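Here is the structure we will look at, set down as structure tokens.
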Amino acid sequence: MIAPDVLHQESLRERLLAFMAEHIYPNERRYFQEAERLGPWAVFPVIEELKPLARAQGLWNLFLPPHDGHDGLTNLEYAPLCEIMGRSLMAPEVFNCAAPDTGNMETLHRYGTPEQQARWLAPLLAGESRSAFAMTEPEVASSDAVNIESSIRRDGDHYVINGRKWYTTGATDPRCRIIIFMGKSAPDAPDRHRQQSMILVPADTAGVRVLRPLPVFGFYGVPDRASEVVFENVRVPVENILLGEGRGFEIAQGRLGPGRIHHCMRLIGLSERILERLCRRADQRVAFGRPVSEQTVTLERIAEARLLIEQTRLLTLKAAQMMDAVGAKGARQEIAMIKVAAPRMACQVIDWAMQAFGGGGTGSDHFLTAAYAMARVLRLADGPDEVHRNQIAQLELKRWRQTDPAVTGGGAAVLPLSEVEDLAANGPWPRPPGWPGTN
Ligand SMILES: Cc1cc2nc3c(=O)[nH]c(=O)nc-3n(C[C@H](O)[C@H](O)[C@H](O)COP(=O)(O)OP(=O)(O)OC[C@H]3O[C@@H](n4cnc5c(N)ncnc54)[C@H](O)[C@@H]3O)c2cc1C
């Protein structure tokens with residue numbers, strides 16, 4: 001007998017696929033046009049029209065794990081659904097499953113007080129508001145969070161916040177009501193990982209100024225509403241601190257695991273769609289007497305793309321399964337691996353598709369440039385590749401430092417002299433008799 005949760009997941013998958021075909025793909029051109037015409041300070045009406053339809057069909061907040069006695073999907077169950085949503089840049093928001101809201105909702109869900117949840121989480125879950133996460137700063141290398149310079153200073157029953165942030169996704173959105181701000185509350189604390197705190201800043205608080213939208217590869221709003229925001233003597237009540245002073249790093253670690261799986265699964269969906277377009281285009285175009293799809297180089301690329309997608313999907317599903325089984329800490333090497341592998345794979349697949357489309361691959365007709373921007377951004381956002389690779393390598397080194405090579409056969413020590421003598425004496429060409437040094 002098939003387990004009920006499998007049936008439930010299959011039913012969600014079918015409904016999601018049907019919704020994508022009926023409502024998402026036919027509306028994408030409109031979405032891009034609205035984004036271009038209305039700009040990054042505006043709400044795109046097509047999204048607001050489709051959200052109630054998705055919600056009515058139960059295709060809503062699917063990213064939420066099981067919680068407080070409510071049903072929810074595990075990371076492994078959600079991953080294939082997330083892949084479907086990732087096929088379109090507009091879909092995640094329609095299903096209320098878009099970053100950075102998902103990460104922020106998870107943060108509020110895991111670390112928020114009941115009051116914080118009632119005020120900020122409930123409207124986010126309902127899709128009535130949006131949110132931002134402000135960590136990265138223009139003036140310091142923010143891939144290393146200990147560098148963050150913004151300050152959160154206690155003043156009576158308030159905190160006073162100062163700092164300049166950028167690449168704060170979502171702050172130009174008129175629906176953005178709440179910003180999760182990371183800064184230093186104890187800059188001199190001896191433990192560098194206890195200097196930071198996270199605090200909830202309502203977007204309309206005096207002193208919060210959204211300076212400008214930032215382009216991403218020249219695009220505004222899609223695929224990312226990046227923006228620069230300054231916080232000048234912003235006062236919020238002490239109750240707005242998340243989890244407690246000095247716990248910012250801990251929250252940052254906790255919020256990133258599922259978010260990275262989501263990003264990677266979306267990129268896998270995006271890459272599948274682009275590979276499909278590559279195949280169709282290569283079949284249709286005839287150059288030098290035969291379809292481009294019959295050129296060996298095209299066949300090679302299609303095959304390599306399929307290999308890369310399948311490898312990345314399996315690795316990402318493994319990371320999702322490990323997240324469910326052993327949590328973010330136990331799965332940290334897998335999560336770091338997918339965060340490097342998936343954007344790199346997607347960039348490569350999209351790059352091959354652009355080549356197959358010729359000049360048209362650089363335009364907007366075929367969705368390749370926006371898709372590439374999305375994939376390329378993720379080699380930086382949520383931590384650059386290099387930082388993840390460092391972590392992968394450190395964990396790899398640690399593993400083997402703790403293992404006995406005699407058991408694994410992985411030793412690398414220089415051979416002892418006695419063993420070398422033995423090898424030399426018993427090898428195929430022992431020194432001839434009378435050779436200097438021979439006994
Ligand atoms: C579209 C977009 C959306 C984003 N959204 C958000 C958001 O919502 N909120 C937010 O806070 N931030 C956001 N970011 C910021 C993103 O997380 C940072 O850009 C990223 O963490 C890198 O920080 P940085 O830009 O300060 O680069 P830096 O820290 O200055 O690093 C620059 C480069 O140095 C190299 N480098 C760094 N460390 C190492 C190392 N250990 N080993 C080798 N090389 C290294 C890497 O090549 C790296 O790319 C977003 C970024 C983009 C592009």
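Every chain in the structure tokens has a letter given in the order shown (A, B, ...), and although residue numbers restart at 1 in each chain, ligands are simply numbered from 1 in the order shown.
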Tell me, as a ChimeraX atom specification, which residues lie within 10 Å of range 63-67 of chain A, counting only C-alpha atoms; anything in the same chain fewer than 5 positions away does not count.
-> /A:72-75,77-79,81-82,95-98,102-103,105-106,109-110,125,258-259,262,324
Return as JSON, numbers by chain the residues of protein, DNA or RNA that approach ligand 1 to within 9 Å, with only C-alpha atoms and all ligand atoms taken into account.
{"A": [99, 100, 132, 133, 134, 135, 136, 137, 138, 139, 140, 141, 142, 143, 144, 145, 147, 165, 166, 167, 168, 169, 170, 171, 181, 182, 214, 215, 216, 223, 224, 225, 226, 227, 373, 374, 376, 377, 378, 379, 380, 381, 382, 383, 384, 385, 386, 387, 388, 389, 390, 391]}
If you run DSSP on the backbone, which residues of range 11-250 of chain A are strand (DSSP E), as an MDAnalysis selection string?
chainID A and resid 130:134 151:155 158:165 176:184 196:202 208:213 227:237
So that I can see what lies close to Ala371 in chain A, please list as a PDB file with C-alpha atoms, in the first residue's frame the residues with an atom at most 12 Å from it, counting only C-alpha atoms and leaving out residues fewer than 5 positions away in the same chain.
ATOM      1  CA  GLY A  86      11.974  27.035  -9.950  1.00  0.00           C
ATOM      2  CA  ARG A  87      11.166  26.537 -13.640  1.00  0.00           C
ATOM      3  CA  SER A  88       9.768  30.058 -13.628  1.00  0.00           C
ATOM      4  CA  LEU A  89      11.145  33.171 -11.941  1.00  0.00           C
ATOM      5  CA  MET A  90       7.644  34.364 -11.058  1.00  0.00           C
ATOM      6  CA  VAL A 216      21.513  42.720 -11.054  1.00  0.00           C
ATOM      7  CA  PHE A 217      23.230  42.318 -14.426  1.00  0.00           C
ATOM      8  CA  PHE A 219      17.898  43.930 -14.429  1.00  0.00           C
ATOM      9  CA  VAL A 222      13.566  40.454 -11.620  1.00  0.00           C
ATOM     10  CA  PRO A 223      15.287  38.187 -10.744  1.00  0.00           C
ATOM     11  CA  ASP A 224      15.994  40.086  -7.537  1.00  0.00           C
ATOM     12  CA  ARG A 266      14.837  25.860  -8.047  1.00  0.00           C
ATOM     13  CA  LEU A 267      18.006  26.053 -10.131  1.00  0.00           C
ATOM     14  CA  ILE A 268      17.586  22.417 -11.118  1.00  0.00           C
ATOM     15  CA  GLY A 269      14.059  23.187 -12.335  1.00  0.00           C
ATOM     16  CA  LEU A 270      15.330  26.239 -14.183  1.00  0.00           C
ATOM     17  CA  SER A 271      18.102  24.210 -15.827  1.00  0.00           C
ATOM     18  CA  GLU A 272      15.631  21.517 -16.907  1.00  0.00           C
ATOM     19  CA  ARG A 273      13.513  24.105 -18.618  1.00  0.00           C
ATOM     20  CA  ILE A 274      16.489  25.710 -20.324  1.00  0.00           C
ATOM     21  CA  LEU A 275      17.808  22.333 -21.496  1.00  0.00           C
ATOM     22  CA  PRO A 343      24.664  27.399  -9.507  1.00  0.00           C
ATOM     23  CA  ALA A 346      22.938  26.023 -14.011  1.00  0.00           C
ATOM     24  CA  CYS A 347      25.375  28.651 -15.327  1.00  0.00           C
ATOM     25  CA  GLN A 348      26.968  26.040 -17.567  1.00  0.00           C
ATOM     26  CA  VAL A 349      23.680  24.692 -18.935  1.00  0.00           C
ATOM     27  CA  ILE A 350      22.316  28.177 -19.600  1.00  0.00           C
ATOM     28  CA  ASP A 351      25.576  29.224 -21.225  1.00  0.00           C
ATOM     29  CA  ALA A 353      21.738  27.184 -24.377  1.00  0.00           C
ATOM     30  CA  MET A 354      22.717  30.781 -25.149  1.00  0.00           C
ATOM     31  CA  GLY A 361      20.436  33.921 -26.765  1.00  0.00           C
ATOM     32  CA  THR A 362      21.598  37.311 -25.520  1.00  0.00           C
ATOM     33  CA  GLY A 363      18.135  38.893 -25.770  1.00  0.00           C
ATOM     34  CA  SER A 364      15.044  38.616 -23.645  1.00  0.00           C
ATOM     35  CA  ASP A 365      12.783  36.603 -25.985  1.00  0.00           C
ATOM     36  CA  HIS A 366      13.875  33.220 -24.731  1.00  0.00           C
ATOM     37  CA  ARG A 376      25.021  33.539 -11.542  1.00  0.00           C
ATOM     38  CA  VAL A 377      23.770  35.545  -8.581  1.00  0.00           C
ATOM     39  CA  LEU A 378      23.650  32.342  -6.567  1.00  0.00           C
TER      40      LEU A 378
END
Distance table requested - range 82-126 of chain A against range 184-202 of chain A, cut-off 12 Å, only C-alpha atoms: one row per qualifying residue with the closest atom pair and its distance in Å to one decimal, ordered by chain and rising residue number, as CSV.
residue,atom,partner,partner_atom,distance
A:Asn104,CA,A:Leu200,CA,10.4
A:Thr107,CA,A:Met198,CA,10.2
A:Leu108,CA,A:Leu200,CA,9.6
A:Tyr111,CA,A:Met198,CA,10.4
A:Gly112,CA,A:Leu200,CA,9.7
A:Thr113,CA,A:Leu200,CA,11.5
A:Gln116,CA,A:Leu200,CA,8.6
A:Gln117,CA,A:Leu200,CA,11.1
A:Arg119,CA,A:Pro202,CA,10.4
A:Trp120,CA,A:Pro202,CA,9.1
A:Leu121,CA,A:Leu200,CA,11.4
Same residues, N, CA and C atoms, output as a PDB file, in the first residue's frame:
ATOM      1  N   ASN A 104      13.007  34.175   6.068  1.00  0.00           N
ATOM      2  CA  ASN A 104      12.587  35.058   7.164  1.00  0.00           C
ATOM      3  C   ASN A 104      11.424  34.446   7.942  1.00  0.00           C
ATOM      4  N   THR A 107      12.827  31.849  10.111  1.00  0.00           N
ATOM      5  CA  THR A 107      13.513  32.475  11.249  1.00  0.00           C
ATOM      6  C   THR A 107      12.496  32.883  12.316  1.00  0.00           C
ATOM      7  N   LEU A 108      11.428  33.526  11.879  1.00  0.00           N
ATOM      8  CA  LEU A 108      10.401  33.954  12.838  1.00  0.00           C
ATOM      9  C   LEU A 108       9.721  32.746  13.478  1.00  0.00           C
ATOM     10  N   TYR A 111      12.556  31.128  15.838  1.00  0.00           N
ATOM     11  CA  TYR A 111      13.191  31.921  16.894  1.00  0.00           C
ATOM     12  C   TYR A 111      12.318  33.051  17.430  1.00  0.00           C
ATOM     13  N   GLY A 112      11.179  33.308  16.788  1.00  0.00           N
ATOM     14  CA  GLY A 112      10.347  34.440  17.211  1.00  0.00           C
ATOM     15  C   GLY A 112       9.532  34.118  18.457  1.00  0.00           C
ATOM     16  N   THR A 113       9.204  35.162  19.230  1.00  0.00           N
ATOM     17  CA  THR A 113       8.290  34.987  20.355  1.00  0.00           C
ATOM     18  C   THR A 113       6.867  34.919  19.797  1.00  0.00           C
ATOM     19  N   GLN A 116       5.976  38.296  18.437  1.00  0.00           N
ATOM     20  CA  GLN A 116       6.646  38.605  17.154  1.00  0.00           C
ATOM     21  C   GLN A 116       5.985  37.826  16.023  1.00  0.00           C
ATOM     22  N   GLN A 117       5.621  36.576  16.325  1.00  0.00           N
ATOM     23  CA  GLN A 117       5.007  35.747  15.271  1.00  0.00           C
ATOM     24  C   GLN A 117       3.632  36.292  14.886  1.00  0.00           C
ATOM     25  N   ARG A 119       2.581  39.310  15.060  1.00  0.00           N
ATOM     26  CA  ARG A 119       2.629  40.595  14.369  1.00  0.00           C
ATOM     27  C   ARG A 119       3.267  40.491  12.979  1.00  0.00           C
ATOM     28  N   TRP A 120       4.349  39.649  12.866  1.00  0.00           N
ATOM     29  CA  TRP A 120       5.102  39.677  11.612  1.00  0.00           C
ATOM     30  C   TRP A 120       4.986  38.406  10.794  1.00  0.00           C
ATOM     31  N   LEU A 121       4.908  37.265  11.486  1.00  0.00           N
ATOM     32  CA  LEU A 121       4.875  36.007  10.730  1.00  0.00           C
ATOM     33  C   LEU A 121       3.509  35.786  10.084  1.00  0.00           C
TER      34      LEU A 121
END
Fill in: DSSP alpha helix (DSSP H) selection over range 87-335 of chain A, as a PyMOL selection string
chain A and resi 91-94+101-111+114-116+122-125+248-284+296-330+332-335
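Put simply, CA of Met337 in chain A is 8.1 Å away from CA of Leu315 in chain A.
Counting from CA of Glu294 in chain A, the distance to CA of Arg313 in chain A is 27.2 Å.
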Query raised in the report: Near Gln57 in chain A, within 12 Å and counting only C-alpha atoms, which residues show up once chain neighbours fewer than 2 positions away are dropped, as a PyMOL selection string?
Result: chain A and resi 11-12+14-16+18-19+50-55+59-62+94-95
Write out the residues from the selection above, keeping N, CA and C atoms, as a PDB file, in the first residue's frame.
ATOM      1  N   SER A  11      -0.140  14.203  -5.250  1.00  0.00           N
ATOM      2  CA  SER A  11      -1.267  15.057  -5.615  1.00  0.00           C
ATOM      3  C   SER A  11      -0.821  16.523  -5.705  1.00  0.00           C
ATOM      4  N   LEU A  12       0.034  16.934  -4.778  1.00  0.00           N
ATOM      5  CA  LEU A  12       0.555  18.308  -4.836  1.00  0.00           C
ATOM      6  C   LEU A  12       1.345  18.522  -6.125  1.00  0.00           C
ATOM      7  N   GLU A  14       1.061  16.989  -8.979  1.00  0.00           N
ATOM      8  CA  GLU A  14       0.191  17.068 -10.164  1.00  0.00           C
ATOM      9  C   GLU A  14      -0.520  18.415 -10.237  1.00  0.00           C
ATOM     10  N   ARG A  15      -0.980  18.872  -9.073  1.00  0.00           N
ATOM     11  CA  ARG A  15      -1.694  20.163  -9.074  1.00  0.00           C
ATOM     12  C   ARG A  15      -0.747  21.314  -9.407  1.00  0.00           C
ATOM     13  N   LEU A  16       0.473  21.181  -8.905  1.00  0.00           N
ATOM     14  CA  LEU A  16       1.475  22.215  -9.182  1.00  0.00           C
ATOM     15  C   LEU A  16       1.797  22.276 -10.680  1.00  0.00           C
ATOM     16  N   ALA A  18      -0.084  21.331 -13.101  1.00  0.00           N
ATOM     17  CA  ALA A  18      -1.255  21.852 -13.825  1.00  0.00           C
ATOM     18  C   ALA A  18      -1.334  23.376 -13.666  1.00  0.00           C
ATOM     19  N   PHE A  19      -1.031  23.863 -12.463  1.00  0.00           N
ATOM     20  CA  PHE A  19      -1.089  25.316 -12.220  1.00  0.00           C
ATOM     21  C   PHE A  19      -0.022  26.040 -13.051  1.00  0.00           C
ATOM     22  N   LEU A  50      -2.663  36.138  -9.197  1.00  0.00           N
ATOM     23  CA  LEU A  50      -2.505  34.678  -9.173  1.00  0.00           C
ATOM     24  C   LEU A  50      -2.406  34.095  -7.761  1.00  0.00           C
ATOM     25  N   LYS A  51      -1.953  34.895  -6.820  1.00  0.00           N
ATOM     26  CA  LYS A  51      -1.772  34.365  -5.457  1.00  0.00           C
ATOM     27  C   LYS A  51      -3.058  33.751  -4.876  1.00  0.00           C
ATOM     28  N   PRO A  52      -4.193  34.431  -4.970  1.00  0.00           N
ATOM     29  CA  PRO A  52      -5.412  33.814  -4.400  1.00  0.00           C
ATOM     30  C   PRO A  52      -5.769  32.493  -5.069  1.00  0.00           C
ATOM     31  N   LEU A  53      -5.487  32.373  -6.373  1.00  0.00           N
ATOM     32  CA  LEU A  53      -5.786  31.107  -7.064  1.00  0.00           C
ATOM     33  C   LEU A  53      -4.917  29.981  -6.515  1.00  0.00           C
ATOM     34  N   ALA A  54      -3.648  30.295  -6.327  1.00  0.00           N
ATOM     35  CA  ALA A  54      -2.730  29.270  -5.800  1.00  0.00           C
ATOM     36  C   ALA A  54      -3.146  28.876  -4.385  1.00  0.00           C
ATOM     37  N   ARG A  55      -3.501  29.868  -3.616  1.00  0.00           N
ATOM     38  CA  ARG A  55      -3.873  29.598  -2.217  1.00  0.00           C
ATOM     39  C   ARG A  55      -5.137  28.737  -2.160  1.00  0.00           C
ATOM     40  N   LEU A  59      -1.929  25.298  -2.858  1.00  0.00           N
ATOM     41  CA  LEU A  59      -0.529  25.369  -3.308  1.00  0.00           C
ATOM     42  C   LEU A  59       0.114  26.592  -2.664  1.00  0.00           C
ATOM     43  N   TRP A  60       0.280  26.538  -1.386  1.00  0.00           N
ATOM     44  CA  TRP A  60       0.599  27.737  -0.604  1.00  0.00           C
ATOM     45  C   TRP A  60       1.508  27.364   0.558  1.00  0.00           C
ATOM     46  N   ASN A  61       2.561  28.115   0.768  1.00  0.00           N
ATOM     47  CA  ASN A  61       3.481  27.876   1.907  1.00  0.00           C
ATOM     48  C   ASN A  61       3.958  26.421   1.976  1.00  0.00           C
ATOM     49  N   LEU A  62       4.174  25.827   0.824  1.00  0.00           N
ATOM     50  CA  LEU A  62       4.558  24.406   0.836  1.00  0.00           C
ATOM     51  C   LEU A  62       5.934  24.187   1.466  1.00  0.00           C
ATOM     52  N   VAL A  94       4.224  33.475  -6.341  1.00  0.00           N
ATOM     53  CA  VAL A  94       2.798  33.167  -6.485  1.00  0.00           C
ATOM     54  C   VAL A  94       2.360  32.115  -5.457  1.00  0.00           C
ATOM     55  N   PHE A  95       3.272  31.189  -5.153  1.00  0.00           N
ATOM     56  CA  PHE A  95       2.954  30.130  -4.182  1.00  0.00           C
ATOM     57  C   PHE A  95       3.399  30.497  -2.764  1.00  0.00           C
TER      58      PHE A  95
END
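Note that CA of Val46 in chain A and CA of Arg30 in chain A are 7.4 Å apart.
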